[in-house]
Structures are given as C-alpha cells and as structure tokens.
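This is start.txt. It holds compact mmCIF, C-alpha atoms.
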```txt
# COMPACT_ATOMS: atom_id res chain seq x y z
CA MET A 24 -17.38 -52.73 -15.54
CA PRO A 25 -14.84 -49.89 -15.67
CA THR A 26 -12.64 -49.31 -12.64
CA ILE A 27 -11.04 -45.93 -12.00
CA ASN A 28 -8.17 -45.31 -9.63
CA ARG A 29 -8.87 -42.37 -7.32
CA ARG A 30 -5.70 -40.42 -8.12
CA GLU A 31 -5.97 -40.90 -11.87
CA PHE A 32 -9.67 -40.09 -11.94
CA GLY A 33 -9.35 -36.64 -10.41
CA GLY A 34 -7.31 -35.32 -13.32
CA MET A 35 -9.73 -36.68 -15.91
CA VAL A 36 -13.09 -35.16 -15.32
CA ILE A 37 -13.23 -31.59 -14.06
CA ALA A 38 -16.04 -29.91 -16.01
CA LEU A 39 -18.06 -26.91 -14.87
CA CYS A 40 -21.50 -26.23 -16.22
CA ALA A 41 -21.67 -22.55 -17.18
CA GLN A 42 -24.25 -20.41 -15.45
CA THR A 43 -25.31 -16.79 -15.56
CA GLY A 44 -25.89 -14.21 -12.88
CA ARG A 45 -23.33 -15.70 -10.55
CA LEU A 46 -23.23 -14.24 -7.07
CA SER A 47 -20.22 -13.24 -5.02
CA GLY A 48 -18.77 -16.41 -3.51
CA ALA A 49 -19.64 -18.66 -6.44
CA PRO A 50 -16.04 -18.94 -7.68
CA ARG A 51 -14.91 -20.13 -4.26
CA LEU A 52 -17.68 -22.73 -4.22
CA ASP A 53 -16.60 -23.80 -7.70
CA ASP A 54 -13.07 -24.21 -6.42
CA THR A 55 -14.27 -26.20 -3.41
CA LEU A 56 -16.21 -28.69 -5.53
CA ALA A 57 -13.62 -28.95 -8.31
CA ALA A 58 -10.75 -29.48 -5.86
CA GLY A 59 -12.83 -31.97 -3.87
CA LEU A 60 -13.61 -33.95 -6.98
CA LYS A 61 -9.93 -34.19 -7.85
CA GLN A 62 -8.57 -34.85 -4.38
CA ARG A 63 -11.29 -37.22 -3.21
CA GLY A 64 -11.71 -39.31 -6.34
CA ILE A 65 -15.44 -38.62 -6.69
CA PRO A 66 -16.84 -39.26 -10.18
CA ALA A 67 -19.44 -36.48 -10.31
CA VAL A 68 -21.13 -33.88 -8.14
CA VAL A 69 -23.97 -31.42 -8.62
CA ALA A 70 -24.72 -28.93 -5.86
CA MET A 71 -27.11 -26.04 -5.31
CA ALA A 72 -27.87 -23.51 -2.58
CA ALA A 73 -30.96 -21.29 -2.44
CA THR A 74 -33.09 -19.02 -0.32
CA ALA A 75 -36.87 -19.42 -0.20
CA GLU A 76 -37.21 -17.33 -3.35
CA LYS A 77 -34.03 -17.57 -5.42
CA THR A 78 -31.08 -19.75 -6.31
CA LEU A 79 -27.76 -18.57 -4.87
CA TYR A 80 -25.41 -21.13 -6.37
CA THR A 81 -25.37 -23.98 -8.90
CA GLY A 82 -22.30 -26.08 -9.69
CA ALA A 83 -21.84 -29.26 -11.72
CA PHE A 84 -18.54 -31.14 -12.04
CA GLY A 85 -17.47 -34.51 -13.39
CA LYS A 86 -18.74 -36.95 -15.98
CA ARG A 87 -22.04 -38.75 -16.39
CA ASP A 88 -20.17 -42.05 -16.78
CA ALA A 89 -16.69 -43.34 -17.51
CA SER A 90 -16.91 -43.87 -21.26
CA SER A 91 -19.12 -41.22 -22.89
CA GLY A 92 -17.18 -38.06 -22.03
CA ILE A 93 -20.51 -36.35 -21.28
CA ASP A 94 -20.34 -33.71 -18.54
CA VAL A 95 -22.83 -33.69 -15.70
CA THR A 96 -25.02 -30.57 -15.64
CA PRO A 97 -27.55 -29.06 -13.25
CA ALA A 98 -30.16 -31.05 -15.21
CA SER A 99 -28.44 -34.39 -14.56
CA ILE A 100 -30.69 -36.99 -12.94
CA PHE A 101 -29.69 -38.85 -9.78
CA ARG A 102 -31.18 -41.68 -7.76
CA ILE A 103 -32.09 -39.89 -4.55
CA ALA A 104 -33.01 -43.03 -2.57
CA SER A 105 -34.03 -42.08 1.00
CA MET A 106 -34.45 -38.41 0.12
CA THR A 107 -37.80 -39.85 -1.07
CA LYS A 108 -38.78 -40.23 2.59
CA ALA A 109 -39.38 -36.51 3.19
CA ILE A 110 -41.80 -36.42 0.23
CA THR A 111 -43.66 -39.46 1.58
CA THR A 112 -43.85 -37.75 4.98
CA VAL A 113 -45.34 -34.61 3.43
CA SER A 114 -47.93 -36.79 1.68
CA ALA A 115 -48.96 -38.48 4.94
CA LEU A 116 -49.19 -35.12 6.70
CA GLN A 117 -51.46 -33.80 3.94
CA LEU A 118 -53.84 -36.66 4.78
CA VAL A 119 -53.58 -35.72 8.47
CA GLU A 120 -54.53 -32.14 7.59
CA GLN A 121 -57.58 -33.47 5.73
CA GLY A 122 -58.68 -35.56 8.73
CA ARG A 123 -58.21 -38.81 6.81
CA LEU A 124 -55.38 -39.87 9.13
CA LYS A 125 -54.42 -38.99 12.70
CA LEU A 126 -50.93 -38.92 14.13
CA ASP A 127 -52.03 -41.11 17.04
CA ASP A 128 -53.93 -43.64 14.91
CA PRO A 129 -52.69 -47.24 15.16
CA VAL A 130 -51.52 -47.89 11.62
CA ALA A 131 -52.94 -51.43 11.75
CA ASN A 132 -56.38 -49.79 11.47
CA TYR A 133 -55.49 -49.13 7.82
CA LEU A 134 -52.92 -51.83 7.08
CA PRO A 135 -54.18 -55.27 8.15
CA ALA A 136 -50.72 -56.76 7.54
CA LEU A 137 -49.58 -54.97 10.72
CA GLU A 138 -52.32 -56.32 12.99
CA LYS A 139 -50.22 -59.17 14.40
CA LEU A 140 -46.85 -57.48 14.83
CA GLN A 141 -44.45 -58.96 17.35
CA VAL A 142 -41.43 -57.50 19.15
CA PHE A 143 -38.03 -59.19 19.02
CA HIS A 144 -36.51 -59.91 22.46
CA GLY A 145 -33.26 -61.61 21.53
CA PHE A 146 -32.29 -65.13 20.52
CA ASP A 147 -32.96 -68.14 22.73
CA PRO A 148 -29.57 -69.26 24.13
CA ALA A 149 -30.65 -72.90 23.94
CA ASP A 150 -31.64 -73.19 20.29
CA GLY A 151 -30.79 -69.77 18.84
CA LYS A 152 -34.34 -69.12 17.71
CA PRO A 153 -35.73 -65.58 17.97
CA ILE A 154 -37.85 -64.74 20.99
CA LEU A 155 -40.95 -62.82 19.87
CA ARG A 156 -43.67 -61.25 22.03
CA VAL A 157 -46.77 -59.14 21.52
CA PRO A 158 -45.90 -55.41 21.74
CA SER A 159 -47.10 -53.48 24.79
CA ARG A 160 -48.43 -50.66 22.58
CA PRO A 161 -49.47 -50.28 18.96
CA VAL A 162 -47.40 -48.65 16.23
CA LEU A 163 -48.83 -45.18 15.59
CA LEU A 164 -48.40 -42.95 12.57
CA ARG A 165 -46.20 -40.61 14.65
CA HIS A 166 -43.89 -43.57 15.34
CA LEU A 167 -43.54 -44.27 11.62
CA LEU A 168 -42.84 -40.62 10.80
CA THR A 169 -40.07 -40.37 13.42
CA HIS A 170 -38.39 -43.79 13.02
CA THR A 171 -39.42 -44.76 16.55
CA SER A 172 -41.71 -47.60 15.44
CA GLY A 173 -39.38 -50.55 16.00
CA PHE A 174 -38.96 -51.26 12.28
CA VAL A 175 -35.25 -51.30 11.41
CA TYR A 176 -32.94 -51.89 8.41
CA ASP A 177 -30.76 -54.98 8.21
CA GLY A 178 -27.83 -52.89 6.94
CA TRP A 179 -27.60 -51.18 10.33
CA ASP A 180 -29.02 -53.83 12.67
CA ALA A 181 -27.18 -57.11 13.24
CA ASP A 182 -30.19 -58.70 14.98
CA LEU A 183 -32.42 -58.18 11.95
CA GLU A 184 -29.75 -59.53 9.63
CA ARG A 185 -29.43 -62.68 11.76
CA TYR A 186 -33.22 -63.00 12.00
CA GLN A 187 -33.60 -62.80 8.22
CA GLN A 188 -30.94 -65.47 7.72
CA GLN A 189 -33.03 -67.82 9.86
CA ALA A 190 -36.41 -66.83 8.42
CA GLY A 191 -35.32 -67.02 4.78
CA PRO A 192 -36.68 -64.88 1.96
CA ALA A 193 -40.25 -63.59 2.12
CA PRO A 194 -42.74 -65.26 -0.26
CA ALA A 195 -42.90 -63.65 -3.69
CA GLY A 196 -45.24 -60.68 -3.75
CA SER A 197 -45.61 -60.50 0.04
CA ALA A 198 -44.91 -57.46 2.18
CA PRO A 199 -41.38 -57.34 3.63
CA LEU A 200 -42.85 -57.60 7.12
CA THR A 201 -40.38 -58.09 9.97
CA PRO A 202 -40.81 -58.03 13.74
CA LEU A 203 -40.34 -54.79 15.62
CA PHE A 204 -36.90 -54.66 17.21
CA PHE A 205 -37.94 -52.47 20.13
CA GLU A 206 -41.18 -51.32 21.71
CA PRO A 207 -42.75 -48.48 19.71
CA GLY A 208 -41.75 -45.03 20.96
CA THR A 209 -38.89 -46.18 23.17
CA ARG A 210 -35.93 -45.39 20.92
CA TRP A 211 -34.89 -44.10 17.48
CA GLU A 212 -33.55 -46.44 14.82
CA TYR A 213 -33.63 -45.94 11.09
CA GLY A 214 -35.63 -48.49 9.17
CA THR A 215 -38.63 -49.33 7.03
CA SER A 216 -41.06 -47.02 8.85
CA ILE A 217 -41.50 -44.74 5.83
CA ASP A 218 -41.91 -47.75 3.53
CA TRP A 219 -45.01 -48.54 5.60
CA THR A 220 -46.02 -44.88 5.61
CA GLY A 221 -46.06 -45.04 1.81
CA ARG A 222 -48.39 -48.03 1.92
CA LEU A 223 -50.58 -46.14 4.33
CA VAL A 224 -50.80 -43.18 1.91
CA GLU A 225 -51.78 -45.55 -0.88
CA ALA A 226 -54.39 -47.33 1.26
CA VAL A 227 -56.07 -44.13 2.44
CA SER A 228 -55.85 -42.12 -0.79
CA GLY A 229 -56.67 -44.95 -3.21
CA LEU A 230 -53.77 -43.81 -5.40
CA SER A 231 -50.36 -45.28 -6.06
CA LEU A 232 -47.51 -43.26 -4.57
CA GLU A 233 -46.45 -42.17 -8.05
CA GLU A 234 -49.96 -40.85 -8.75
CA TYR A 235 -50.29 -39.26 -5.33
CA PHE A 236 -46.90 -37.54 -5.46
CA GLN A 237 -47.48 -36.15 -8.95
CA ARG A 238 -50.92 -34.79 -8.11
CA HIS A 239 -50.33 -33.42 -4.63
CA VAL A 240 -46.61 -32.69 -4.14
CA LEU A 241 -44.41 -32.88 -7.23
CA GLY A 242 -46.86 -31.32 -9.68
CA PRO A 243 -47.78 -28.32 -7.50
CA LEU A 244 -44.07 -27.67 -6.86
CA GLY A 245 -43.06 -27.91 -10.52
CA MET A 246 -40.77 -30.90 -9.86
CA ARG A 247 -41.04 -32.17 -13.42
CA ASP A 248 -37.93 -34.36 -13.33
CA THR A 249 -38.87 -36.22 -10.13
CA SER A 250 -40.57 -39.60 -10.46
CA TYR A 251 -40.30 -43.29 -9.68
CA ILE A 252 -40.28 -43.80 -13.46
CA LEU A 253 -37.39 -42.71 -15.65
CA PRO A 254 -38.70 -42.39 -19.23
CA PRO A 255 -36.37 -43.36 -22.10
CA GLU A 256 -36.11 -39.75 -23.29
CA LYS A 257 -34.46 -38.79 -19.96
CA PHE A 258 -32.05 -41.72 -19.81
CA ASP A 259 -29.18 -39.71 -21.30
CA ARG A 260 -29.29 -37.46 -18.22
CA LEU A 261 -28.99 -40.32 -15.70
CA VAL A 262 -25.69 -40.41 -13.77
CA SER A 263 -23.88 -43.73 -13.26
CA VAL A 264 -23.61 -45.34 -9.83
CA TRP A 265 -20.18 -46.40 -8.57
CA GLN A 266 -18.89 -48.66 -5.81
CA ARG A 267 -15.80 -47.97 -3.71
CA GLN A 268 -13.49 -50.99 -3.62
CA GLU A 269 -11.18 -52.04 -0.79
CA ASP A 270 -8.18 -50.50 -2.57
CA GLY A 271 -9.97 -47.14 -2.80
CA SER A 272 -10.79 -47.40 -6.50
CA LEU A 273 -14.30 -47.00 -7.89
CA THR A 274 -16.08 -49.53 -10.08
CA GLU A 275 -18.95 -48.35 -12.27
CA SER A 276 -22.21 -50.29 -12.36
CA ALA A 277 -23.63 -51.17 -15.76
CA ARG A 278 -25.64 -48.22 -17.09
CA THR A 279 -28.98 -49.51 -18.42
CA GLN A 280 -32.47 -48.08 -18.89
CA PRO A 281 -34.35 -48.74 -15.61
CA GLU A 282 -37.57 -50.74 -15.84
CA PRO A 283 -40.64 -49.05 -14.32
CA PRO A 284 -41.19 -50.44 -10.81
CA LYS A 285 -44.05 -52.87 -10.21
CA SER A 286 -44.79 -51.10 -6.91
CA TYR A 287 -43.69 -47.89 -5.24
CA ASN A 288 -41.71 -47.58 -2.02
CA GLY A 289 -42.23 -44.62 0.30
CA GLY A 290 -38.73 -45.14 1.67
CA GLY A 291 -36.85 -44.70 -1.58
CA GLY A 292 -36.82 -45.07 -5.33
CA LEU A 293 -37.29 -41.57 -6.76
CA TYR A 294 -35.18 -40.09 -9.53
CA SER A 295 -34.64 -36.34 -9.29
CA THR A 296 -32.40 -33.36 -9.98
CA ALA A 297 -30.78 -30.82 -7.68
CA ALA A 298 -33.09 -28.07 -8.97
CA ASP A 299 -36.21 -30.15 -8.34
CA TYR A 300 -35.19 -30.97 -4.78
CA VAL A 301 -34.44 -27.30 -4.14
CA ARG A 302 -38.08 -26.57 -5.06
CA PHE A 303 -39.17 -29.04 -2.39
CA MET A 304 -36.89 -27.49 0.23
CA GLN A 305 -37.99 -23.98 -0.68
CA MET A 306 -41.56 -25.03 0.10
CA ILE A 307 -40.41 -25.93 3.61
CA LEU A 308 -38.63 -22.57 3.96
CA ARG A 309 -41.86 -20.86 2.84
CA ARG A 310 -43.74 -22.84 5.51
CA GLY A 311 -45.77 -24.85 3.05
CA ARG A 312 -46.33 -22.34 0.24
CA THR A 313 -45.53 -22.92 -3.42
CA SER A 314 -43.76 -20.30 -5.52
CA ASP A 315 -47.07 -19.12 -7.00
CA GLY A 316 -48.81 -18.71 -3.65
CA GLY A 317 -50.54 -22.07 -3.45
CA ARG A 318 -50.15 -24.48 -0.55
CA VAL A 319 -48.72 -27.95 -0.19
CA LEU A 320 -48.89 -27.89 3.62
CA ARG A 321 -50.29 -25.63 6.30
CA ALA A 322 -47.76 -23.49 8.15
CA GLU A 323 -48.51 -25.23 11.43
CA THR A 324 -47.77 -28.60 9.81
CA VAL A 325 -44.37 -27.35 8.66
CA ASP A 326 -43.80 -26.21 12.24
CA LEU A 327 -44.30 -29.84 13.34
CA MET A 328 -41.77 -30.90 10.70
CA SER A 329 -39.35 -28.33 12.13
CA THR A 330 -39.60 -29.48 15.78
CA ASP A 331 -38.02 -32.50 17.46
CA GLN A 332 -40.78 -35.09 17.85
CA THR A 333 -38.78 -37.84 19.59
CA GLY A 334 -38.74 -36.51 23.14
CA GLY A 335 -34.96 -36.24 23.28
CA LEU A 336 -34.13 -39.68 21.86
CA SER A 337 -30.73 -39.64 20.16
CA SER A 338 -31.14 -39.79 16.39
CA GLY A 339 -29.01 -40.04 13.27
CA LYS A 340 -26.31 -42.42 14.54
CA LEU A 341 -26.03 -45.95 13.15
CA LYS A 342 -23.52 -48.81 13.34
CA SER A 343 -23.09 -50.43 9.94
CA VAL A 344 -23.50 -54.17 9.46
CA ARG A 345 -22.70 -54.08 5.72
CA LEU A 346 -19.66 -51.92 5.09
CA ASP A 347 -19.99 -52.28 1.32
CA ARG A 348 -23.33 -50.45 1.55
CA SER A 349 -22.62 -47.97 4.33
CA ARG A 350 -19.95 -46.84 6.74
CA ASP A 351 -21.00 -46.04 10.31
CA VAL A 352 -23.37 -43.08 10.31
CA ASP A 353 -22.86 -40.06 12.57
CA PHE A 354 -23.86 -36.81 10.93
CA HIS A 355 -22.98 -34.67 13.95
CA PRO A 356 -20.16 -36.28 15.97
CA GLY A 357 -20.12 -35.32 19.62
CA PHE A 358 -23.69 -34.00 19.68
CA THR A 359 -27.16 -35.43 20.24
CA ASP A 360 -29.62 -34.66 17.45
CA GLY A 361 -33.34 -35.36 17.26
CA PHE A 362 -35.87 -36.26 14.60
CA THR A 363 -38.93 -34.37 13.42
CA PHE A 364 -41.70 -35.63 11.19
CA GLY A 365 -39.42 -36.19 8.22
CA PHE A 366 -36.03 -34.73 9.11
CA LEU A 367 -32.98 -35.00 11.35
CA ILE A 368 -32.78 -31.82 13.46
CA ASN A 369 -29.68 -30.53 15.23
CA ALA A 370 -30.01 -28.79 18.59
CA THR A 371 -26.48 -27.39 18.25
CA ALA A 372 -25.12 -25.51 15.23
CA TYR A 373 -22.57 -27.25 13.00
CA GLU A 374 -19.15 -25.64 13.27
CA GLY A 375 -18.84 -23.23 10.34
CA GLY A 376 -22.14 -24.44 8.92
CA ARG A 377 -25.87 -24.88 9.45
CA SER A 378 -27.66 -23.23 12.37
CA ALA A 379 -29.27 -24.98 15.31
CA GLY A 380 -32.72 -26.18 14.31
CA SER A 381 -31.73 -27.09 10.74
CA LEU A 382 -33.43 -29.99 8.97
CA ALA A 383 -31.60 -32.65 6.97
CA TRP A 384 -31.43 -36.14 5.58
CA ALA A 385 -29.74 -38.08 2.78
CA GLY A 386 -29.84 -40.93 0.26
CA ILE A 387 -27.68 -44.03 0.35
CA ASP A 388 -25.76 -43.17 -2.85
CA ASN A 389 -24.32 -40.13 -1.02
CA THR A 390 -26.95 -37.54 -1.80
CA PHE A 391 -27.42 -34.98 0.99
CA PHE A 392 -29.53 -31.92 1.78
CA TRP A 393 -30.15 -29.49 4.58
CA ILE A 394 -32.68 -26.73 5.27
CA ASP A 395 -31.68 -23.91 7.62
CA PRO A 396 -34.82 -21.93 8.58
CA ARG A 397 -32.87 -19.58 10.84
CA ARG A 398 -30.62 -18.40 8.02
CA GLY A 399 -33.27 -18.83 5.34
CA VAL A 400 -31.14 -21.12 3.17
CA CYS A 401 -31.31 -24.65 1.83
CA ALA A 402 -28.71 -26.69 -0.03
CA VAL A 403 -28.36 -30.05 -1.76
CA ILE A 404 -25.28 -31.95 -2.93
CA LEU A 405 -25.68 -35.00 -5.13
CA MET A 406 -23.06 -37.67 -5.66
CA GLN A 407 -23.68 -41.23 -6.86
CA PHE A 408 -21.54 -43.91 -5.30
CA LEU A 409 -21.36 -46.36 -2.42
CA PRO A 410 -20.75 -46.86 0.43
CA PHE A 411 -22.97 -44.32 2.15
CA CYS A 412 -21.11 -41.94 4.46
CA ASP A 413 -17.85 -42.79 2.69
CA ALA A 414 -15.15 -40.59 4.20
CA GLU A 415 -14.59 -38.77 0.91
CA ALA A 416 -18.30 -38.09 0.42
CA MET A 417 -18.62 -36.75 3.96
CA GLY A 418 -15.55 -34.59 3.41
CA MET A 419 -17.08 -33.15 0.25
CA LEU A 420 -20.36 -32.44 2.08
CA ARG A 421 -18.59 -30.68 4.93
CA ASP A 422 -16.37 -28.63 2.60
CA PHE A 423 -19.38 -27.55 0.52
CA GLU A 424 -21.42 -26.63 3.61
CA ARG A 425 -18.68 -24.49 5.11
CA ALA A 426 -18.10 -22.75 1.78
CA VAL A 427 -21.83 -21.96 1.48
CA TYR A 428 -21.84 -20.21 4.86
CA ALA A 429 -18.47 -18.54 4.34
CA THR A 430 -19.06 -17.10 0.88
CA LEU A 431 -22.73 -16.63 -0.03
CA PRO A 432 -24.92 -13.62 0.95
CA LEU A 433 -27.40 -15.46 3.19
CA PRO A 434 -30.46 -14.00 4.91
CA ASN A 435 -30.21 -13.76 8.67
CA ARG A 436 -33.56 -14.48 10.32
CA SER A 437 -34.15 -14.29 14.05
```

Write the structure described by the file as structure tokens, please.
Amino acid sequence: MPTINRREFGGMVIALCAQTGRLSGAPRLDDTLAAGLKQRGIPAVVAMAATAEKTLYTGAFGKRDASSGIDVTPASIFRIASMTKAITTVSALQLVEQGRLKLDDPVANYLPALEKLQVFHGFDPADGKPILRVPSRPVLLRHLLTHTSGFVYDGWDADLERYQQQAGPAPAGSAPLTPLFFEPGTRWEYGTSIDWTGRLVEAVSGLSLEEYFQRHVLGPLGMRDTSYILPPEKFDRLVSVWQRQEDGSLTESARTQPEPPKSYNGGGGLYSTAADYVRFMQMILRRGRTSDGGRVLRAETVDLMSTDQTGGLSSGKLKSVRLDRSRDVDFHPGFTDGFTFGFLINATAYEGGRSAGSLAWAGIDNTFFWIDPRRGVCAVILMQFLPFCDAEAMGMLRDFERAVYATLPLPNRS
C-alpha cells in the first residue's frame, strides 16, 4: 500500500476542477482549500456551499488515488459513513408522519430482539463480570433519534469495549445487540441507535433501507449517486481511503470494487457526492420541500429536526478509545451543544462561522456538513482518511467554514 509523506504530498496533487459562473469569494475559497491540502497533507477534498435554491461554491482538489494521476472532481464519490444517519432519521420521521410509528413508541413493539434489553451497571469487583439489570424504562423511538437510548459505540466507550472482549464475537448472522450503557433518556452518547432505527424502518415499511431510501428520499431529491451499492460503472469515481500513521504520513488502503452489502445499516454505509448531499441539505433549508415543489417531510417535522430534543443534555463530545479510528471528538470546544432528531445543534454561534441553531454531523472518514437556517446556507466538505477528527481535517473544516462566511454572498434571515 502506498505511503505518502505529508510534506512531499502537498506539492504533488493540487488540481482544481473548473467551474462556470463563479461568484465573488470563490477564488479565496479555492485558495483556502488548495493551501490547506498542501500544508495539511490531505490527499483530496471536495467542498460545496449552497443556499436553498442555488449553489454558491464548488471546489475539488487533489487526486483520486496515489497512482492513477486522476484528479478528484465535484462528481467524485466518497464513503459518507455516519452522514447516512440523517437520511435514516428522515425515513423514520416519514413513517411517524404517516402514523405508522410514534416518537414515544417502545421500539421493542416492532423489533422483538430488543424486548429483553439490559442496562450495564459496571463490572463486579470480585470476578470482573458485567453487572446487568432490567432498565427502568423502555427505549423509545425518540431516544434512538437523539442518541439518548443507552446504545453506544465501542470506539468511544471503554466499558463496551471491555464488555465485548469478555462476551466474544456475536454469532454469525445475529444482530449486534449489546446492553444499554445508561438508562434511556438520561444522557447523550453516540452509538448504534440509528442502526436500530434503520431496522425499525425496514420492519415497518417492509422494504430494505436501500429500497426505502431510493423510493422515498433519494429518488425524490434527485440524489442519483447516493446508494449503499456502488455499481462497477461508477468505480472510477470512487476516492481512496487513507490512514494517518504515527509519523504523520498517510497510507492508502487497497482500492477495489466494493461488494454489494448483504444487509443495510441505518448508521452508515452510503456512497455519495458533495452535490447529492447538498440536495439533501437544501430540502432541510426548504423545510421539507423538494426543488420541484414536492415534499419529503412536513414543515413541522423539519422544525422538530431543527430544535434541541435532549432537554439540555450535553452532546457531540466523545473520548476516543481507539485513536487509530478517531481522535477525541469536540466539535464546539468550550460550549454545550444539543441534539435534534438527526443533527447536532449549537446554541452559540461558531466564531467566524455558522449561526446559533445550525445543524451538523459528520462521517468517520472526515466528511462534514452543516446547515445554517438563520443564514440560509448549507455546506459540505468531503475528505477520505482516518482517524476521524484528525487535527488536520478539523483545521481544514474550520478554515473552509470561516472562508464561506467571510467571502460568499449569503442570505440573512431573521
């Protein structure tokens, strides 16, 4: 697998995809991304900013992979990982609108695998075995949609990692069911909640997530390059994934045609492009409307997705257990953010950037987006390397965000 030194790499791969109708401020954004690529040793980046109705900026820099010499373009395809979660959330909320689900339904009513959940209460000091008890309340759909269910990820929870080491691997073909690691509704912690939400959508709709998304979200929004399945004819557009090494260099993973998944995960797994994800974010800015006047969600449902639903629980901060996969996560240092149905929401504006009340999330390969309803703008920046929240990736995100607000002609909504 090729390894590229950060300093050498920056001088190799600056390549801008030409675009027409460029707005004032675009050259400065170009400079920000090109300089960031060089200085930070990032293999490739594609970024876009848009209002509800039009694209304000598109930039693409770097190479698809180390050996081909092929430039990334706005049509390049990225693994968007947990940016899948917002699409799964929209799907579940569509079923709520139809009366087929309720936010305060116990999810075990639909998913029998969750009927006998237990809550972890530490490890027995005598024998080290986990102490498990029946939860005092059921897991509700609203808990899943806000990451307050008690389901966690082992990459950010040392107790789950230790529990899994004792329990051993799950039987082949079984659900990755773990205990809850806190009582539902009592705190926020990122985890497999939206994985289970995806299974709920499949159980209630009778469709696989791929079928449901294409029929009810991706198709209506014209997101033609977004899918769990990457067909062979699109493989040439797929960007390589890289891994940061201890010495700061990047090692490229083998680039092979992905096999279609045997099952679909609501928590991750989609392939997409910057332009496709902008279409999704524009739907949120339009309060549920598509570009041709149709509807994906009701306006009042988008209002729920734009309001903190955690009752003031601190959200978006995680301590990493596996530093090769993720650094510690803190999107808004020094401030307490909340979580809506689907998004992190900041009560305080970012310095030089997004307004208070903006919506955001990310994917583990350093793909990021935000939606700023107050300013009527959304933006996405796609990179493709680990670990998540790498200092250079976060620096690129912050530089891009500040340049968007400093240079582009943004709407100013009250």

Edge lengths and centre, in Å to one decimal, as JSON: that's what I need for the box along x, y and z that holds all listed atoms of stretch 294-301 of chain A plus 4 Å on each side.
```
{"center_x": -33.5, "center_y": -33.7, "center_z": -7.1, "size_x": 13.4, "size_y": 20.8, "size_z": 13.8}
```

| Neighbour list for A:Arg102 as a count of residues only, cut-off 9 Å, all atoms listed in the file, skip fewer than 4 positions in-chain | 13

| message | Counting all atoms listed in the file, which residues have an atom no more than 9 Å from (-31.8, -20.4, 7.5) in the file's coordinates? Please list them as a list in words. | response |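 Selection result: Thr74, Leu308, Arg377, Ser378, Gly380, Ser381, Ile394, Asp395, Pro396, Arg397, Arg398, Gly399, Val400, Cys401, Leu433, Pro434, Asn435 and Arg436 of chain A.
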
| query | Do you know which residues lie at most 10 Å from (-37.8, -45.8, -13.0), with coordinates as in the file and only C-alpha atoms counted, and could you write them as a PyMOL selection string? | reply | chain A and resi 102+250-255+258+280-285+287+292-294

| field | Closest of A:Leu409, A:Gly208, A:Glu138, A:Gly151 to A:Ser172 - atom-to-atom distances counting all atoms listed in the file | value |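 Closest candidate: A:Gly208.
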
| Computed interatomic separation between atom CA of A:Lys77 and atom CA of A:Phe354 (Å) | 27.2 Å

| query | What is the distance, in Å and to one decimal place, between atom CA of A:Glu323 and atom CA of A:Asp128? | reply |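 These atoms are spaced 19.5 Å apart.
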
| field | Residue nearest A:Arg123 among A:Ala402, A:Val224, A:Ala109, A:Val301 (counting all atoms listed in the file) | value |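 Nearest to A:Arg123: A:Val224.
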
| request: Rounded to one decimal place, report the atom CA of A:Thr201-atom CA of A:Asp353 distance in Å. | output: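 Rounded to one decimal, the two atoms are 25.3 Å apart.
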